[in-house]
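S.K.: Pasting start_32.pdb below, which is PDB, C-alpha atoms.
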```
ATOM      1  CA  MET E 152     -92.584 126.204 -46.112  1.00  0.00           C
ATOM      2  CA  GLY E 153     -91.939 129.158 -48.378  1.00  0.00           C
ATOM      3  CA  ARG E 154     -89.707 129.461 -51.348  1.00  0.00           C
ATOM      4  CA  ARG E 155     -86.319 130.946 -50.613  1.00  0.00           C
ATOM      5  CA  ALA E 156     -84.760 133.645 -52.728  1.00  0.00           C
ATOM      6  CA  ALA E 157     -82.408 132.604 -55.499  1.00  0.00           C
ATOM      7  CA  SER E 158     -78.764 132.733 -54.463  1.00  0.00           C
ATOM      8  CA  PHE E 159     -77.686 133.565 -58.026  1.00  0.00           C
ATOM      9  CA  THR E 160     -79.211 134.949 -61.193  1.00  0.00           C
ATOM     10  CA  ALA E 161     -78.815 134.076 -64.843  1.00  0.00           C
ATOM     11  CA  SER E 162     -76.968 137.347 -65.336  1.00  0.00           C
ATOM     12  CA  ASP E 163     -74.429 136.249 -62.675  1.00  0.00           C
ATOM     13  CA  VAL E 164     -73.707 133.100 -64.690  1.00  0.00           C
ATOM     14  CA  ILE E 165     -73.524 135.010 -67.984  1.00  0.00           C
ATOM     15  CA  ARG E 166     -71.147 137.549 -66.441  1.00  0.00           C
ATOM     16  CA  ALA E 167     -68.864 134.774 -65.129  1.00  0.00           C
ATOM     17  CA  VAL E 168     -68.809 132.976 -68.488  1.00  0.00           C
ATOM     18  CA  LYS E 169     -68.093 136.198 -70.405  1.00  0.00           C
ATOM     19  CA  ALA E 170     -65.214 137.014 -68.033  1.00  0.00           C
ATOM     20  CA  THR E 171     -63.747 133.537 -68.523  1.00  0.00           C
ATOM     21  CA  VAL E 172     -63.971 133.812 -72.309  1.00  0.00           C
ATOM     22  CA  ALA E 173     -62.496 137.327 -72.185  1.00  0.00           C
ATOM     23  CA  ALA E 174     -59.538 135.865 -70.275  1.00  0.00           C
ATOM     24  CA  GLY E 175     -58.898 133.595 -73.265  1.00  0.00           C
ATOM     25  CA  LEU E 176     -60.165 130.361 -71.740  1.00  0.00           C
ATOM     26  CA  ASP E 177     -62.599 127.910 -73.321  1.00  0.00           C
ATOM     27  CA  VAL E 178     -65.599 127.042 -71.149  1.00  0.00           C
ATOM     28  CA  SER E 179     -66.501 123.376 -70.926  1.00  0.00           C
ATOM     29  CA  ARG E 180     -69.272 123.574 -68.342  1.00  0.00           C
ATOM     30  CA  VAL E 181     -70.701 125.674 -65.536  1.00  0.00           C
ATOM     31  CA  GLU E 182     -71.560 124.298 -62.101  1.00  0.00           C
ATOM     32  CA  VAL E 183     -73.749 126.233 -59.664  1.00  0.00           C
ATOM     33  CA  GLN E 184     -73.874 125.133 -56.022  1.00  0.00           C
ATOM     34  CA  PRO E 185     -76.959 125.574 -53.821  1.00  0.00           C
ATOM     35  CA  ASP E 186     -75.182 128.368 -51.920  1.00  0.00           C
ATOM     36  CA  GLY E 187     -74.780 130.338 -55.168  1.00  0.00           C
ATOM     37  CA  THR E 188     -71.148 129.501 -55.825  1.00  0.00           C
ATOM     38  CA  ILE E 189     -70.503 129.505 -59.584  1.00  0.00           C
ATOM     39  CA  ALA E 190     -67.680 127.285 -60.853  1.00  0.00           C
ATOM     40  CA  ILE E 191     -66.524 127.633 -64.448  1.00  0.00           C
ATOM     41  CA  ILE E 192     -64.846 124.445 -65.699  1.00  0.00           C
ATOM     42  CA  THR E 193     -62.520 125.089 -68.626  1.00  0.00           C
ATOM     43  CA  LYS E 194     -61.764 122.589 -71.381  1.00  0.00           C
ATOM     44  CA  GLU E 195     -58.251 122.143 -69.981  1.00  0.00           C
ATOM     45  CA  GLN E 196     -59.626 121.279 -66.538  1.00  0.00           C
ATOM     46  CA  ALA E 197     -62.195 118.921 -68.044  1.00  0.00           C
ATOM     47  CA  ALA E 198     -59.490 117.106 -70.018  1.00  0.00           C
ATOM     48  CA  GLU E 199     -57.372 116.772 -66.873  1.00  0.00           C
ATOM     49  CA  ASP E 200     -60.359 115.445 -64.923  1.00  0.00           C
ATOM     50  CA  HIS E 201     -60.997 112.945 -67.717  1.00  0.00           C
ATOM     51  CA  ARG E 202     -57.407 111.662 -67.535  1.00  0.00           C
ATOM     52  CA  ASN E 203     -57.802 111.084 -63.790  1.00  0.00           C
ATOM     53  CA  LEU E 204     -60.860 108.865 -64.225  1.00  0.00           C
ATOM     54  CA  SER E 205     -60.773 105.099 -63.955  1.00  0.00           C
ATOM     55  CA  PRO E 206     -60.988 103.180 -67.243  1.00  0.00           C
ATOM     56  CA  LEU E 207     -64.629 102.323 -66.482  1.00  0.00           C
ATOM     57  CA  ASP E 208     -65.548 105.968 -65.846  1.00  0.00           C
ATOM     58  CA  GLN E 209     -63.707 106.989 -69.035  1.00  0.00           C
ATOM     59  CA  TRP E 210     -65.737 104.452 -70.999  1.00  0.00           C
ATOM     60  CA  LYS E 211     -68.958 105.723 -69.410  1.00  0.00           C
ATOM     61  CA  ALA E 212     -68.026 109.294 -70.285  1.00  0.00           C
ATOM     62  CA  LYS E 213     -67.481 108.290 -73.902  1.00  0.00           C
ATOM     63  CA  LYS E 214     -70.857 106.576 -73.995  1.00  0.00           C
ATOM     64  CA  ASN E 215     -72.591 109.565 -72.288  1.00  0.00           C
ATOM     65  CA  ALA E 216     -73.491 107.351 -69.357  1.00  0.00           C
ATOM     66  CA  SER E 217     -73.896 108.805 -65.906  1.00  0.00           C
ATOM     67  CA  PRO E 218     -70.740 108.594 -63.735  1.00  0.00           C
ATOM     68  CA  ALA E 219     -70.564 105.964 -61.019  1.00  0.00           C
TER      69      ALA E 219
END
```
Can you dump the structure from the file as structure tokens?
M.R.:
Amino acid sequence: MGRRAASFTASDVIRAVKATVAAGLDVSRVEVQPDGTIAIITKEQAAEDHRNLSPLDQWKAKKNASPA
């Protein structure tokens, strides 16, 4: 079984992050899917996601534990 070609490059990720920052948004994290889809998660989205977590998952996030 051979290696398949990369569906994204580092420059693709850098370009997406620079565009997000240029739009005035703060980047919290970047997620890349196996199909090459790049998702930029902003700090506002991350905070909203954190508020939607259960109390246990919030505690784990504070303690840098892996989510359930």
S.K.: List the spatial neighbours of E:Lys194 as a PyMOL selection string - criterion: any atom at most 8 Å away, all atoms listed in the file, same-chain residues fewer than 4 positions off excluded.
M.R.: chain E and resi 176-179+198
S.K.: Do you know which residues are at most 12 Å from E:Gly175 counting all atoms listed in the file, after dropping those on the same chain fewer than 3 positions away, and could you put them as a ChimeraX atom specification?
M.R.: /E:168-172,178,193-195
S.K.: Considering all atoms listed in the file, can you say which of E:Arg154, E:Ala212, E:Ile189, E:Leu207 comes closest to E:Arg166?
M.R.: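 Counting all atoms listed in the file, the residue closest to E:Arg166 is E:Ile189.
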S.K.: For each of E:Ala167, E:Gln209, E:Asn203, E:Ala161, take the minimum atom-to-atom distance to E:Ile191, counting all atoms listed in the file, then give the residue where this is smallest.
M.R.: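 That would be E:Ala167, the residue with the smallest distance to E:Ile191.
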S.K.: Fewer than 5 positions away in the same chain doesn't count, so skip those; otherwise give me all residues within 12 Å of E:Pro185, counting only C-alpha atoms, as a PyMOL selection string.
M.R.: chain E and resi 155-159+190
S.K.: Hey, can you check how far atom CA of E:Val181 sits from atom CA of E:Ser205?
M.R.: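 Spanning atom CA of E:Val181 to atom CA of E:Ser205 is a straight-line distance of 22.9 Å.
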